[in-house]
Every structure is written in structure tokens, then in C-alpha cells.
Amino acid sequence: MNEIIMYDVLILGSGPAGLTAALYCARAGKKTLVLGGDRLGGQTAGIAVLENYPGWAGSGLELAEFMKKQAEIFGAEIKFVSAKEVAGDAESAFNILCDDGKRYVGKVVIIATGASPRKLEIDGARELFGRGVSYCATCDGFFYYGKDVVVMGGGNSALNDALYLADIAKNVKIVYRKGAFTRAEEVLRNRVSERENIECLFNTDLKKIAKTDDDKLCITTTADQEIICDGLFVAIGHEANTDYLTEDVKRDNMGRLIPSEMPKGMFVAGDVESEIKMQIATAVGTGCSAAMDAIAYLNQL
């Protein structure tokens with residue numbers, strides 16, 4: 001029978017929030033384990049050029065790797081497994097079942113599992129996922145070198161994806177259901193307007209996707225217009241990753257966790273937290289705050 005190791009702090013998620021919390025907790029002398037999900041860095045790992053995090057010049061993955069090493073210097077352990085179930089409480093210790101079949105036990109838990117891209121719910125989107133439909137431009141963009149692609153969305157993520165793809169693909173069309181990119185930063189709007197191979201289709205929404213005989217995508221809009229392309233990249237927002245938590249852990253109307261409503265001994269940080277701006281800088285700040293609250297809680301035991 002495997003010996004059960006009791007940790008002071010279990011941190012779910014290895015994005016900037018989780019890694020910041022790990023750094024603070026480990027540096028405070030708390031036995032800290034990060035259950036990092038299926039990849040280091042979360043959404044940050046998919047940022048090819050990170051230019052709005054102060055003091056950093058490089059990719060998002062490089063930043064995540066640097067933060068991981070920094071946390072490990074102070075003794076934090078990191079395992080790339082995902083939580084399937086969180087049981088127990090502050091009185092009896094928290095018990096987390098992960099997808100490796102093992103259970104990890106800790107006195108406190110910091111939830112930093114972030115958010116995942118919202119899936120497109122139209123005919124053909126699910127069936128063609130991975131066969132022309134993608135939710136990660138930096139992951140799949142290289143498949144479309146010299147080809148025609150469409151980006152769906154109108155926020156920072158969509159415009160960043162379009163700019164990234166414009167360096168790879170022959171032509172990029174951005175389809176957006178509103179009349180202007182009011183949610184995106186001005187610097188990104190300006191860069192998009194300057195690119196000759198990016199075309200913006202405003203007041204356009206999608207109805208269905210199908211494959212053509214020559215293995216391209218035929219995208220039908222709600223106005224029954226057809227767009228023929230090689231790939232569709234979807235960037236229409238995010239949903240909080242909280243499926244592994246029971247329903248008694250309160251969420252807001254977007255499914256995010258409310259810090260003041262968390263059970264005793266549980267803390268939240270990063271994009272999974274309610275009313276947070278989804279930026280690396282804010283994720284780091286909430287990771288710091290959650291860690292300091294967890295440390296103060298542990299010191300009172």
C-alpha cells in the first residue's frame with residue numbers, strides 16, 4: 001500500500017496564478033504540491049509573443065518554464081496530472097483524486113485551474129474538431145502554411161490569433177458578429193488593419209460548417225453566405241474549469257469561483273476566479289494573494 005503524503009498546500013493548475021502561489025507557499029516553508037493539469041502554463045503556454053507582461057520578453061511557454069523553475073528552487077513539487085474529484089474538508093484534510101488514479105492529500109487547496117476556450121455550438125463544429133476546426137492558433141497554425149483560414153471572434157484573443165496566422169497563412173478572414181472590435185485593444189486593432197492579408201467581416205455570424213469534396217471547409221453564415229477556406233480558428237471566449245468540483249462550491253453567473261464564498265481552507269486564483277480581468281499580470285496578483293491567505297491560515301493551525 002502506498003504511503004499517503006500530507007502536503008500543507010495542494011495547488012490545482014500550473015498557469016501563472018498556480019505557479020505564483022507555489023513560489024510563495026514553498027518560499028514560506030510550506031510543503032507544496034502543484035497538480036499542473038495536462039500541460040505547463042495553461043493558456044499562457046499558447047502565447048507565441050508575450051509583450052504585455054512587465055519585465056518579460058519571450059513566449060508564454062518560456063515564462064511558464066521560468067516560473068516553474070523558480071518555484072522548484074524553493075522546494076515546490078509539480079506533477080502533471082489533472083483533478084477529477086475534490087473531497088474532504090479543512091477539518092479532515094482535502095483529498096484530491098487525479099487522472100493518474102492517485103489521491104493527494106493536503107491541509108489547504110488553492111484552485112487555479114483557469115479557463116478553457118468556449119466551444120462553438122453549430123452544426124459540424126464538433127464533428128470537424130481537429131479536422132479543420134481548431135481552438136489554438138499557436139498549436140495548429142503551422143498546418144495551414146500558405147492556405148486560407150478564418151478566425152471567429154472579436155476580442156484580444158481573436159485578433160492575436162489572426163495576427164499570428166497572418167505570418168503563416170496566405171489569407172486570414174476575421175468573422176465577428178458585431179460591427180466593430182470594441183472589446184479588443186487599440187494596438188491590436190491597428191495592427192490588424194495594417195495587414196494586407198487580413199480581411200474583417202463584421203456583422204457576420206456562423207450557422208454551420210461542412211467539408212467540401214476537395215477537403216476544404218464550407219462555412220455557412222446566418223445570412224446564408226458561404227465562405228470556403230482550409231481552416232477555422234475559434235476564439236469566442238472562455239469557460240471556467242470547475243467540472244471536478246461539487247455543486248456546493250458556489251459559482252457566479254459565468255461559472256467562476258467567488259473568493260468570499262469558498263469553503264474553509266480553499267482559496268482561488270487566476271482566470272477561474274470571479275470578476276477578474278483575464279491577464280497574466282492579474283493572475284499573478286491573485287496567485288500571490290491566495291498564497292498569502294493560505295499561509296496565514298496554515299500558521300494559525
# chains A, B, ... in the order shown; residues from 1 in each chain; ligands from 1

call {"tool": "closest_atom_pairs", "arguments": {"of": "range 111-136 of chain A", "to": "range 13-27 of chain A", "cutoff": "9 Å", "atoms": "only C-alpha atoms", "output": "tab-separated table"}}
result
residue	atom	partner	partner_atom	distance
A:Ile111	CA	A:Gly13	CA	7.1
A:Ala112	CA	A:Gly13	CA	4.9
A:Thr113	CA	A:Gly13	CA	4.4
A:Gly114	CA	A:Gly13	CA	7.2

call {"tool": "select_by_dssp", "arguments": {"residues": "range 114-234 of chain A", "states": "helix (DSSP H, G or I)", "output": "list in words"}}
result
Ala137, Thr138, Cys139, Asp140, Gly141, Phe142, Phe143, Tyr144, Asn156, Ser157, Ala158, Leu159, Asn160, Asp161, Ala162, Leu163, Tyr164, Leu165, Ala166, Glu186, Val187, Leu188, Arg189, Asn190, Arg191, Val192, Ser193 and Glu194 of chain A

call {"tool": "select_by_dssp", "arguments": {"residues": "range 52-84 of chain A", "states": "strand (DSSP E or B)", "output": "PyMOL selection string"}}
result
chain A and resi 58+77-79+83-84

call {"tool": "closest_residue", "arguments": {"among": "A:Met6, A:Ala166, A:Ala158, A:Leu217", "to": "Glu194 in chain A", "atoms": "only C-alpha atoms"}}
result
A:Ala166

call {"tool": "residues_around", "arguments": {"residues": "Asp8 in chain A", "least_positions_apart": "4", "cutoff": "10 Å", "atoms": "only C-alpha atoms", "output": "VMD selection string"}}
result
chain A and resid 25 to 26 29 to 33 93 105 to 109 294 to 295 298

call {"tool": "write_last_selection", "arguments": {"atoms": "N, CA and C atoms", "output": "PDB file, in the first residue's frame"}}
result
ATOM      1  N   CYS A  25       4.144  29.919  -1.436  1.00  0.00           N
ATOM      2  CA  CYS A  25       3.922  28.913  -0.393  1.00  0.00           C
ATOM      3  C   CYS A  25       5.203  28.146  -0.082  1.00  0.00           C
ATOM      4  N   ALA A  26       5.925  27.733  -1.114  1.00  0.00           N
ATOM      5  CA  ALA A  26       7.166  26.984  -0.903  1.00  0.00           C
ATOM      6  C   ALA A  26       8.217  27.858  -0.218  1.00  0.00           C
ATOM      7  N   GLY A  29       8.078  28.023   3.398  1.00  0.00           N
ATOM      8  CA  GLY A  29       8.384  26.787   4.113  1.00  0.00           C
ATOM      9  C   GLY A  29       7.250  25.794   4.174  1.00  0.00           C
ATOM     10  N   LYS A  30       6.228  25.974   3.367  1.00  0.00           N
ATOM     11  CA  LYS A  30       5.095  25.056   3.362  1.00  0.00           C
ATOM     12  C   LYS A  30       5.335  23.953   2.327  1.00  0.00           C
ATOM     13  N   LYS A  31       5.030  22.747   2.705  1.00  0.00           N
ATOM     14  CA  LYS A  31       5.184  21.603   1.792  1.00  0.00           C
ATOM     15  C   LYS A  31       4.122  21.732   0.698  1.00  0.00           C
ATOM     16  N   THR A  32       4.569  21.986  -0.520  1.00  0.00           N
ATOM     17  CA  THR A  32       3.676  22.418  -1.593  1.00  0.00           C
ATOM     18  C   THR A  32       3.740  21.474  -2.782  1.00  0.00           C
ATOM     19  N   LEU A  33       2.557  21.071  -3.268  1.00  0.00           N
ATOM     20  CA  LEU A  33       2.462  20.244  -4.468  1.00  0.00           C
ATOM     21  C   LEU A  33       1.537  20.914  -5.461  1.00  0.00           C
ATOM     22  N   ALA A  93      -8.820  17.197   6.262  1.00  0.00           N
ATOM     23  CA  ALA A  93      -7.850  17.334   5.164  1.00  0.00           C
ATOM     24  C   ALA A  93      -8.568  17.118   3.826  1.00  0.00           C
ATOM     25  N   VAL A 105      -3.302  14.432  -0.716  1.00  0.00           N
ATOM     26  CA  VAL A 105      -3.929  14.960   0.495  1.00  0.00           C
ATOM     27  C   VAL A 105      -3.219  16.225   0.937  1.00  0.00           C
ATOM     28  N   GLY A 106      -3.989  17.233   1.308  1.00  0.00           N
ATOM     29  CA  GLY A 106      -3.405  18.492   1.751  1.00  0.00           C
ATOM     30  C   GLY A 106      -4.269  19.191   2.782  1.00  0.00           C
ATOM     31  N   LYS A 107      -3.638  20.074   3.538  1.00  0.00           N
ATOM     32  CA  LYS A 107      -4.358  20.837   4.563  1.00  0.00           C
ATOM     33  C   LYS A 107      -5.179  21.961   3.943  1.00  0.00           C
ATOM     34  N   VAL A 108      -4.650  22.567   2.875  1.00  0.00           N
ATOM     35  CA  VAL A 108      -5.400  23.598   2.151  1.00  0.00           C
ATOM     36  C   VAL A 108      -5.282  23.350   0.654  1.00  0.00           C
ATOM     37  N   VAL A 109      -6.200  23.923  -0.089  1.00  0.00           N
ATOM     38  CA  VAL A 109      -6.208  23.790  -1.552  1.00  0.00           C
ATOM     39  C   VAL A 109      -6.329  25.175  -2.166  1.00  0.00           C
ATOM     40  N   ALA A 294      -3.489  31.608   2.262  1.00  0.00           N
ATOM     41  CA  ALA A 294      -3.307  30.209   2.650  1.00  0.00           C
ATOM     42  C   ALA A 294      -2.204  30.066   3.702  1.00  0.00           C
ATOM     43  N   ILE A 295      -1.129  30.806   3.542  1.00  0.00           N
ATOM     44  CA  ILE A 295      -0.023  30.770   4.502  1.00  0.00           C
ATOM     45  C   ILE A 295      -0.491  31.258   5.871  1.00  0.00           C
ATOM     46  N   LEU A 298      -2.644  28.575   7.461  1.00  0.00           N
ATOM     47  CA  LEU A 298      -1.843  27.470   7.968  1.00  0.00           C
ATOM     48  C   LEU A 298      -1.095  27.842   9.245  1.00  0.00           C
TER      49      LEU A 298
END

call {"tool": "residues_around", "arguments": {"residues": "Leu50 in chain A", "least_positions_apart": "5", "cutoff": "7 Å", "atoms": "only C-alpha atoms", "output": "PyMOL selection string"}}
result
chain A and resi 57-60

call {"tool": "write_last_selection", "arguments": {"atoms": "N, CA and C atoms", "output": "CSV table (one decimal), in the first residue's frame"}}
result
chain,number,residue,atom,x,y,z
A,57,ALA,N,10.4,39.4,-21.9
A,57,ALA,CA,10.4,39.4,-23.4
A,57,ALA,C,10.7,38.0,-23.8
A,58,GLY,N,9.7,37.4,-24.4
A,58,GLY,CA,9.8,36.0,-24.8
A,58,GLY,C,8.4,35.4,-25.0
A,59,SER,N,8.3,34.1,-25.1
A,59,SER,CA,7.0,33.5,-25.3
A,59,SER,C,6.3,33.2,-24.0
A,60,GLY,N,5.1,32.9,-24.0
A,60,GLY,CA,4.3,32.5,-22.8
A,60,GLY,C,4.9,31.2,-22.2

call {"tool": "closest_residue", "arguments": {"among": "A:Val284, A:Ala296, A:Ser157, A:Val268", "to": "Leu63 in chain A", "atoms": "only C-alpha atoms"}}
result
A:Val284

call {"tool": "residues_around", "arguments": {"residues": "Cys200 in chain A", "least_positions_apart": "4", "cutoff": "10 Å", "atoms": "only C-alpha atoms", "output": "list in words"}}
result
Val150, Val151, Gly154, Val172, Lys173, Ile174, Val175, Tyr176, Ala180, Phe181, Val192, Ser193 and Thr204 of chain A

call {"tool": "closest_residue", "arguments": {"among": "A:Ala125, A:Leu165, A:Ile110, A:Ile11", "to": "Cys218 in chain A", "atoms": "only C-alpha atoms"}}
result
A:Ala125

call {"tool": "closest_residue", "arguments": {"among": "A:Ile5, A:Leu97, A:Met152, A:Ala290", "to": "Lys119 in chain A", "atoms": "only C-alpha atoms"}}
result
A:Met152

call {"tool": "residues_around", "arguments": {"residues": "Ile78 in chain A", "least_positions_apart": "5", "cutoff": "7 Å", "atoms": "only C-alpha atoms", "output": "JSON, numbers by chain"}}
result
{"A": [33, 34, 35, 36]}

call {"tool": "residues_around", "arguments": {"residues": "Asp140 in chain A", "least_positions_apart": "2", "cutoff": "12 Å", "atoms": "only C-alpha atoms", "output": "PyMOL selection string"}}
result
chain A and resi 46+129-138+142-145+149+161+164-165+168-169+231-234

call {"tool": "atom_distance", "arguments": {"atom1": "CA of Ile96 in chain A", "atom2": "CA of Val81 in chain A"}}
result
10.9 Å

call {"tool": "closest_residue", "arguments": {"among": "A:Arg103, A:Lys79, A:Arg195, A:Arg118", "to": "Met254 in chain A", "atoms": "only C-alpha atoms"}}
result
A:Arg118

call {"tool": "closest_residue", "arguments": {"among": "A:Ile122, A:Ala162, A:Thr286, A:Asn253", "to": "Thr221 in chain A", "atoms": "only C-alpha atoms"}}
result
A:Ile122
